[in-house]
Amino acid sequence: MSNYYALPLFDLQKVIFQKLTACETLTTITKKSDEDLGVYDAVDENTPYPYVTISEPYTSPFDTKTSNIETITFTIHAWWKDNNEYSGKRKVYEMLSASQQALMARNYMIPGAKVLSITRRESRVIDDNSPGVKHGILTIQYKVQNI
């Protein structure tokens, strides 16, 4: 079995993006227009709150003698700006919960790969360095087999 194969990082990220933008509970909070659902791969300093970003993945091999398996971890970031401590955190909790529900569903279709398992590694909400900004962090781990 070859140790070198194409990692399905981009294809998995596309499916994560599709799942998040299809989640009505999430986009009800983040949507700015019909074209801008508030879910991004990257943002700049002018991106209006609230929004969700998909961070860069990191991977580690989990190969066996007969198959190539990769553990791929993505972190989802939820952002909300509100000077009210209670409502700001509550909205970020809602965004993380909706993201988790969307991503834990098992119907991932990735060319050349099969998602074997999906695990939530951690979630938390922190105060960002910018005043009034709440930052939610959701880490999801996928075991993906190259087929």
# chains A, B, ... in the order shown; residues from 1 in each chain; ligands from 1

call {"tool": "residues_around", "arguments": {"residues": "region 80-85 of chain A", "least_positions_apart": "3", "cutoff": "6 Å", "atoms": "only C-alpha atoms", "output": "PyMOL selection string"}}
result
chain A and resi 49-50+88+132-134

call {"tool": "select_by_dssp", "arguments": {"residues": "chain A", "states": "helix (DSSP H, G or I)", "output": "PyMOL selection string"}}
result
chain A and resi 9-22+24-30+85-104

call {"tool": "closest_residue", "arguments": {"among": "A:Thr66, A:Ser87, A:Asn107, A:Thr119", "to": "Asn146 (chain A)", "atoms": "only C-alpha atoms"}}
result
A:Thr66

call {"tool": "residues_around", "arguments": {"residues": "region 97-104 of chain A", "least_positions_apart": "2", "cutoff": "8 Å", "atoms": "only C-alpha atoms", "output": "JSON, numbers by chain"}}
result
{"A": [16, 19, 20, 23, 25, 26, 76, 93, 94, 95, 106, 118, 119, 120, 138]}

call {"tool": "write_last_selection", "arguments": {"atoms": "C-alpha atoms", "output": "PDB file, in the first residue's frame"}}
result
ATOM      1  CA  ILE A  16     -18.247  21.556   5.494  1.00  0.00           C
ATOM      2  CA  LYS A  19     -23.382  21.934   5.317  1.00  0.00           C
ATOM      3  CA  LEU A  20     -22.948  25.208   7.216  1.00  0.00           C
ATOM      4  CA  CYS A  23     -28.114  25.090   8.010  1.00  0.00           C
ATOM      5  CA  THR A  25     -30.682  27.777  12.082  1.00  0.00           C
ATOM      6  CA  LEU A  26     -27.151  29.097  11.541  1.00  0.00           C
ATOM      7  CA  ILE A  76     -15.083  26.371  13.095  1.00  0.00           C
ATOM      8  CA  TYR A  93     -23.683  29.448  21.798  1.00  0.00           C
ATOM      9  CA  GLU A  94     -26.533  29.224  19.286  1.00  0.00           C
ATOM     10  CA  MET A  95     -24.111  29.532  16.351  1.00  0.00           C
ATOM     11  CA  ARG A 106     -22.989  11.511   8.532  1.00  0.00           C
ATOM     12  CA  ILE A 118     -17.007  12.393  13.028  1.00  0.00           C
ATOM     13  CA  THR A 119     -16.120  13.494  16.555  1.00  0.00           C
ATOM     14  CA  ARG A 120     -16.588  16.814  18.324  1.00  0.00           C
ATOM     15  CA  LEU A 138     -15.791  24.336  17.648  1.00  0.00           C
TER      16      LEU A 138
END

call {"tool": "residues_around", "arguments": {"residues": "Thr59 (chain A)", "least_positions_apart": "4", "cutoff": "10 Å", "atoms": "only C-alpha atoms", "output": "VMD selection string"}}
result
chain A and resid 7 9 70 to 74 141 to 143

call {"tool": "closest_residue", "arguments": {"among": "A:Val125, A:Val43, A:Leu12, A:Ala113", "to": "Ser67 (chain A)", "atoms": "only C-alpha atoms"}}
result
A:Ala113

call {"tool": "select_by_dssp", "arguments": {"residues": "chain A", "states": "strand (DSSP E)", "output": "JSON, numbers by chain"}}
result
{"A": [39, 40, 51, 52, 53, 54, 58, 59, 60, 61, 69, 70, 71, 72, 73, 74, 75, 76, 77, 78, 79, 80, 81, 113, 114, 115, 116, 117, 118, 119, 120, 121, 122, 123, 124, 125, 126, 127, 133, 134, 135, 136, 137, 138, 139, 140, 141, 142, 143, 144, 145, 146]}

call {"tool": "closest_residue", "arguments": {"among": "A:Ser130, A:Asn46, A:Thr53, A:Ser123", "to": "Phe17 (chain A)", "atoms": "only C-alpha atoms"}}
result
A:Thr53

call {"tool": "closest_residue", "arguments": {"among": "A:Leu96, A:Ile126, A:Ala6, A:Ile29", "to": "Gln145 (chain A)", "atoms": "only C-alpha atoms"}}
result
A:Ala6

call {"tool": "closest_residue", "arguments": {"among": "A:Ile137, A:Val92, A:Ile69, A:Val144", "to": "Val115 (chain A)", "atoms": "only C-alpha atoms"}}
result
A:Val144

call {"tool": "closest_residue", "arguments": {"among": "A:Arg121, A:His135, A:Lys31, A:Lys14", "to": "Lys89 (chain A)", "atoms": "only C-alpha atoms"}}
result
A:His135

call {"tool": "atom_distance", "arguments": {"atom1": "CA of Trp79 (chain A)", "atom2": "CA of Ile110 (chain A)"}}
result
28.0 Å

call {"tool": "atom_distance", "arguments": {"atom1": "CA of Pro61 (chain A)", "atom2": "CA of Thr21 (chain A)"}}
result
29.1 Å
